[in-house]
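Here is the structure we will look at.
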Amino acid sequence: MDKREFLLRVKLCPGVGLKGESLIYEWLLREQHFSRYSLAGLLQPLAALLRKHRLKTSPFIHHFLTPELTERVRTNQQGGWLTILDAEYPEQLKEIFLPPIVLFYAGKWQCLTNTPVLGIVGSRNCSAYAVKSLKRTVTSEVVSRYLIVSGLATGVDTLGHQLALAYHGKTVAVLGTGLDHYYPATNRNLQRDLAQHQLVITEYPQGAGPRRYQFVERNRIIAGLCQKLLVVEARKKSGSLITASLALQANRDVLAIPGNINSQLSLGANELIAAGAQPCIDTQDLLGRIVL
């Protein structure tokens, strides 16, 4: 059986989850006789693997051999997709905890090649201060040097993508849904534009609508793709701080724009700085200051 199609089938099989996907991928790397397995022959060793690690096996056993799953595989093969086994898969993404075994994409995959990546995250309901600060720091010089990656959410994410487009740079949106969903709906036209002229990626297949946990999982992909992560505005408990934490775990450079100490929107970013993140006050902090 083809290893790429096998990983796609695992990704699309209900009930496996990120940990199960990772265990099966590691098993695949160790298994020297994979090509001898039939599809049905894979069921027993994989179920045993999941059971060994105390993961639920009933959904996997029920769905893995069904014609419905085979049809889902065919449907998702019709668009852009690649697996962690492919040469085009970003090396830096392999470094994160539980890297996605399959990515679906629309647009120009070459956007992700040979370009330093700056991730931008922040509040969905960002303040005028955040907008002004982001425009002050993410200039044409920054966009000419970095590919901008963000999550296509309202607020800071949207502005990050728009600044990249305004300065004729490259930008990648990482979705928390399938490619056939537009979330938020207000960014439908922006998502379509990026899918046609830039790049939109996701680990979720066709038909996957918005779920809260998916956006948390999506954050690790943003953190993994970038060399630097800029936090523009973040509450004390927010997805932006989760992304920053994941970026630090992956040894990425994390910068944060200082905010008003009296603003709830700035608590997270300010605490990041207090904990050792680099303050970002202008373009040179993103480009790298020259110390005389």
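Ordering of the structure tokens sets the chain letters (A, B, ...), residue numbers begin anew at 1 in every chain, and ligands are numbered from 1 in the order given.
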
Please produce, as CSV, a per-residue contact table for segment 210-280 of chain A versus segment 10-17 of chain A (criterion: any atom at most 12 Å away, only C-alpha atoms considered), showing the nearest atom pair and its distance in Å to one decimal, sorted by chain then residue number.
```
residue,atom,partner,partner_atom,distance
A:Tyr213,CA,A:Gly17,CA,11.5
A:Gln214,CA,A:Gly17,CA,11.1
A:Glu217,CA,A:Gly17,CA,10.9
```

Next on the checklist: I need the strand (DSSP E) residues of segment 148-277 of chain A per DSSP on the backbone, written as a list in words.
Outcome noted: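 After running DSSP on the backbone, segment 148-277 of chain A has strand (DSSP E) at Ile148, Val149, Ser150, Thr171, Val172, Ala173, Val174, Leu199, Val200, Ile201, Thr202, Lys228, Leu229, Leu230, Val231, Asp253, Val254, Leu255 and Ala256 of chain A.
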
Just write the chosen residues, N, CA, C and O atoms, as a short mmCIF file (atom, residue, chain, number, x, y, z; two decimals), in the first residue's frame.
```cif
data_model
loop_
_atom_site.label_atom_id
_atom_site.label_comp_id
_atom_site.auth_asym_id
_atom_site.auth_seq_id
_atom_site.Cartn_x
_atom_site.Cartn_y
_atom_site.Cartn_z
N ILE A 148 5.02 36.31 5.84
CA ILE A 148 4.15 36.54 6.99
C ILE A 148 3.17 35.38 7.12
O ILE A 148 2.43 35.06 6.19
N VAL A 149 3.16 34.74 8.28
CA VAL A 149 2.23 33.65 8.57
C VAL A 149 1.32 34.06 9.71
O VAL A 149 1.77 34.57 10.73
N SER A 150 0.03 33.83 9.53
CA SER A 150 -0.93 34.10 10.60
C SER A 150 -2.15 33.20 10.41
O SER A 150 -2.15 32.33 9.53
N THR A 171 2.39 35.86 2.00
CA THR A 171 1.73 35.56 3.26
C THR A 171 1.02 34.22 3.17
O THR A 171 0.52 33.83 2.11
N VAL A 172 0.98 33.52 4.30
CA VAL A 172 0.35 32.21 4.39
C VAL A 172 -0.65 32.23 5.53
O VAL A 172 -0.33 32.68 6.64
N ALA A 173 -1.85 31.75 5.27
CA ALA A 173 -2.89 31.64 6.29
C ALA A 173 -3.00 30.18 6.74
O ALA A 173 -3.07 29.28 5.90
N VAL A 174 -2.99 29.96 8.04
CA VAL A 174 -3.17 28.63 8.61
C VAL A 174 -4.57 28.57 9.21
O VAL A 174 -4.87 29.29 10.17
N LEU A 199 -1.04 31.47 -0.25
CA LEU A 199 -1.13 30.08 0.21
C LEU A 199 -2.01 30.00 1.45
O LEU A 199 -1.88 30.81 2.38
N VAL A 200 -2.91 29.04 1.45
CA VAL A 200 -3.74 28.73 2.61
C VAL A 200 -3.52 27.26 2.94
O VAL A 200 -3.60 26.40 2.05
N ILE A 201 -3.22 26.94 4.20
CA ILE A 201 -2.98 25.55 4.59
C ILE A 201 -3.81 25.20 5.81
O ILE A 201 -4.23 26.07 6.59
N THR A 202 -4.03 23.91 5.99
CA THR A 202 -4.77 23.41 7.15
C THR A 202 -4.47 21.93 7.31
O THR A 202 -4.10 21.25 6.35
N LYS A 228 10.53 33.55 13.72
CA LYS A 228 10.21 34.58 14.72
C LYS A 228 8.70 34.69 14.85
O LYS A 228 7.98 34.55 13.86
N LEU A 229 8.25 34.93 16.07
CA LEU A 229 6.82 35.12 16.32
C LEU A 229 6.62 36.46 17.00
O LEU A 229 7.26 36.75 18.02
N LEU A 230 5.73 37.28 16.44
CA LEU A 230 5.42 38.58 17.01
C LEU A 230 4.02 38.53 17.63
O LEU A 230 3.04 38.26 16.94
N VAL A 231 3.96 38.82 18.92
CA VAL A 231 2.69 38.92 19.63
C VAL A 231 2.35 40.40 19.75
O VAL A 231 3.09 41.17 20.36
N ASP A 253 12.24 32.52 18.14
CA ASP A 253 12.38 33.84 18.76
C ASP A 253 10.99 34.44 18.95
O ASP A 253 10.22 34.55 17.97
N VAL A 254 10.67 34.83 20.16
CA VAL A 254 9.36 35.41 20.45
C VAL A 254 9.53 36.88 20.84
O VAL A 254 10.32 37.21 21.73
N LEU A 255 8.82 37.74 20.12
CA LEU A 255 8.83 39.17 20.40
C LEU A 255 7.40 39.61 20.75
O LEU A 255 6.43 39.00 20.30
N ALA A 256 7.30 40.66 21.54
CA ALA A 256 5.98 41.17 21.90
C ALA A 256 6.01 42.68 21.92
O ALA A 256 6.99 43.30 22.37
#
```

Next on the checklist: Can you tell me which residues surround Lys52 of chain A at a distance of at most 12 Å, considering only C-alpha atoms, apart from same-chain residues fewer than 4 positions away, and format the answer as a ChimeraX atom specification?
Outcome noted: /A:20,23-24,45-48,56-57

Same residues, N, CA, C and O atoms, output as a PDB file, in the first residue's frame:
```
ATOM      1  N   GLY A  20      -2.794   9.685  18.356  1.00  0.00           N
ATOM      2  CA  GLY A  20      -2.881   8.439  17.606  1.00  0.00           C
ATOM      3  C   GLY A  20      -2.202   8.548  16.252  1.00  0.00           C
ATOM      4  O   GLY A  20      -1.511   7.623  15.813  1.00  0.00           O
ATOM      5  N   LEU A  23       1.547   8.322  16.779  1.00  0.00           N
ATOM      6  CA  LEU A  23       1.983   6.952  17.081  1.00  0.00           C
ATOM      7  C   LEU A  23       2.000   6.091  15.822  1.00  0.00           C
ATOM      8  O   LEU A  23       2.928   5.300  15.609  1.00  0.00           O
ATOM      9  N   ILE A  24       0.993   6.241  14.988  1.00  0.00           N
ATOM     10  CA  ILE A  24       0.931   5.451  13.755  1.00  0.00           C
ATOM     11  C   ILE A  24       2.039   5.877  12.791  1.00  0.00           C
ATOM     12  O   ILE A  24       2.657   5.036  12.128  1.00  0.00           O
ATOM     13  N   PRO A  45      -2.638  -4.687  13.764  1.00  0.00           N
ATOM     14  CA  PRO A  45      -1.469  -4.088  14.428  1.00  0.00           C
ATOM     15  C   PRO A  45      -1.691  -2.632  14.837  1.00  0.00           C
ATOM     16  O   PRO A  45      -1.179  -2.200  15.874  1.00  0.00           O
ATOM     17  N   LEU A  46      -2.450  -1.888  14.063  1.00  0.00           N
ATOM     18  CA  LEU A  46      -2.690  -0.493  14.418  1.00  0.00           C
ATOM     19  C   LEU A  46      -3.634  -0.375  15.614  1.00  0.00           C
ATOM     20  O   LEU A  46      -3.428   0.465  16.496  1.00  0.00           O
ATOM     21  N   ALA A  47      -4.646  -1.207  15.651  1.00  0.00           N
ATOM     22  CA  ALA A  47      -5.541  -1.210  16.808  1.00  0.00           C
ATOM     23  C   ALA A  47      -4.777  -1.602  18.065  1.00  0.00           C
ATOM     24  O   ALA A  47      -4.984  -1.020  19.141  1.00  0.00           O
ATOM     25  N   ALA A  48      -3.882  -2.579  17.947  1.00  0.00           N
ATOM     26  CA  ALA A  48      -3.067  -2.993  19.090  1.00  0.00           C
ATOM     27  C   ALA A  48      -2.156  -1.861  19.548  1.00  0.00           C
ATOM     28  O   ALA A  48      -1.943  -1.667  20.757  1.00  0.00           O
ATOM     29  N   LYS A  56      -8.561   5.185  22.632  1.00  0.00           N
ATOM     30  CA  LYS A  56      -9.778   4.517  22.190  1.00  0.00           C
ATOM     31  C   LYS A  56      -9.566   3.897  20.814  1.00  0.00           C
ATOM     32  O   LYS A  56      -8.965   4.495  19.930  1.00  0.00           O
ATOM     33  N   THR A  57     -10.061   2.690  20.652  1.00  0.00           N
ATOM     34  CA  THR A  57      -9.889   1.991  19.380  1.00  0.00           C
ATOM     35  C   THR A  57     -11.205   1.751  18.635  1.00  0.00           C
ATOM     36  O   THR A  57     -11.186   1.490  17.435  1.00  0.00           O
TER      37      THR A  57
END
```

Go through segment 84-174 of chain A and collect every residue that DSSP, computed from the backbone, puts in alpha helix (DSSP H); the answer should be as a CSV table (one decimal) with N, CA and C atoms, in the first residue's frame.
```csv
chain,number,residue,atom,x,y,z
A,128,ALA,N,-7.1,50.2,18.6
A,128,ALA,CA,-6.4,51.1,17.7
A,128,ALA,C,-4.9,51.2,17.9
A,129,TYR,N,-4.5,51.1,19.2
A,129,TYR,CA,-3.1,51.1,19.5
A,129,TYR,C,-2.4,49.9,18.8
A,130,ALA,N,-3.0,48.7,18.9
A,130,ALA,CA,-2.4,47.5,18.2
A,130,ALA,C,-2.3,47.7,16.7
A,131,VAL,N,-3.3,48.3,16.1
A,131,VAL,CA,-3.3,48.5,14.7
A,131,VAL,C,-2.1,49.5,14.3
A,132,LYS,N,-2.0,50.5,15.1
A,132,LYS,CA,-1.0,51.5,14.8
A,132,LYS,C,0.4,50.9,15.1
A,133,SER,N,0.5,50.1,16.1
A,133,SER,CA,1.8,49.5,16.5
A,133,SER,C,2.3,48.5,15.4
A,134,LEU,N,1.3,47.7,14.9
A,134,LEU,CA,1.6,46.7,13.9
A,134,LEU,C,2.1,47.4,12.6
A,135,LYS,N,1.4,48.4,12.2
A,135,LYS,CA,1.8,49.2,11.0
A,135,LYS,C,3.1,49.8,11.2
A,136,ARG,N,3.5,50.2,12.4
A,136,ARG,CA,4.8,50.8,12.7
A,136,ARG,C,5.9,49.8,12.6
A,137,THR,N,5.7,48.6,13.0
A,137,THR,CA,6.7,47.6,13.0
A,137,THR,C,6.8,46.7,11.7
A,140,SER,N,7.5,47.8,4.8
A,140,SER,CA,7.8,47.1,3.6
A,140,SER,C,9.2,46.4,3.7
A,141,GLU,N,10.1,46.9,4.5
A,141,GLU,CA,11.4,46.3,4.6
A,141,GLU,C,11.3,44.9,5.3
A,142,VAL,N,10.4,44.9,6.3
A,142,VAL,CA,10.1,43.6,7.0
A,142,VAL,C,9.5,42.6,6.0
A,143,VAL,N,8.5,43.0,5.3
A,143,VAL,CA,7.7,42.2,4.4
A,143,VAL,C,8.6,41.7,3.2
A,144,SER,N,9.6,42.5,2.8
A,144,SER,CA,10.5,42.1,1.8
A,144,SER,C,11.5,41.0,2.2
A,145,ARG,N,11.7,40.9,3.6
A,145,ARG,CA,12.6,39.9,4.1
A,145,ARG,C,11.9,38.7,4.6
A,156,VAL,N,-5.8,41.3,14.6
A,156,VAL,CA,-4.4,41.3,14.3
A,156,VAL,C,-4.0,40.4,13.2
A,157,ASP,N,-4.6,39.2,13.1
A,157,ASP,CA,-4.2,38.2,12.1
A,157,ASP,C,-4.5,38.8,10.7
A,158,THR,N,-5.7,39.3,10.6
A,158,THR,CA,-6.2,39.9,9.3
A,158,THR,C,-5.3,41.0,8.9
A,159,LEU,N,-4.9,41.9,9.8
A,159,LEU,CA,-4.1,43.0,9.5
A,159,LEU,C,-2.7,42.6,9.0
A,160,GLY,N,-2.2,41.5,9.7
A,160,GLY,CA,-0.9,41.0,9.3
A,160,GLY,C,-0.9,40.5,7.8
A,161,HIS,N,-1.9,39.8,7.4
A,161,HIS,CA,-2.0,39.3,6.0
A,161,HIS,C,-2.2,40.5,5.1
A,162,GLN,N,-3.0,41.5,5.5
A,162,GLN,CA,-3.2,42.7,4.7
A,162,GLN,C,-2.0,43.5,4.5
A,163,LEU,N,-1.1,43.6,5.5
A,163,LEU,CA,0.1,44.4,5.4
A,163,LEU,C,1.1,43.7,4.4
A,164,ALA,N,1.1,42.4,4.5
A,164,ALA,CA,2.0,41.6,3.5
A,164,ALA,C,1.5,41.9,2.1
A,165,LEU,N,0.2,41.9,1.9
A,165,LEU,CA,-0.3,42.1,0.5
A,165,LEU,C,-0.1,43.5,0.1
A,166,ALA,N,-0.3,44.5,1.0
A,166,ALA,CA,-0.1,45.9,0.7
A,166,ALA,C,1.3,46.2,0.2
```

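Every protein, DNA or RNA residue with an atom at most 10 Å from segment 263-273 of chain A, where only C-alpha atoms count and chain neighbours fewer than 6 positions away do not, is listed here: Gly122, Ser123, Asn125, Cys126, Ser127, Ala130, Leu230, Val231, Val232, Glu233, Ala234, Arg235, Lys236, Lys237, Ser238, Ser240, Leu241, Ala244, Ser245, Val254, Leu255, Ala256, Ile257, Pro279 and Cys280 of chain A.
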
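Closest approach to Pro67 of chain A among A:Arg9, A:Ala185, A:Pro258, A:Asn219: A:Arg9, based on only C-alpha atoms.
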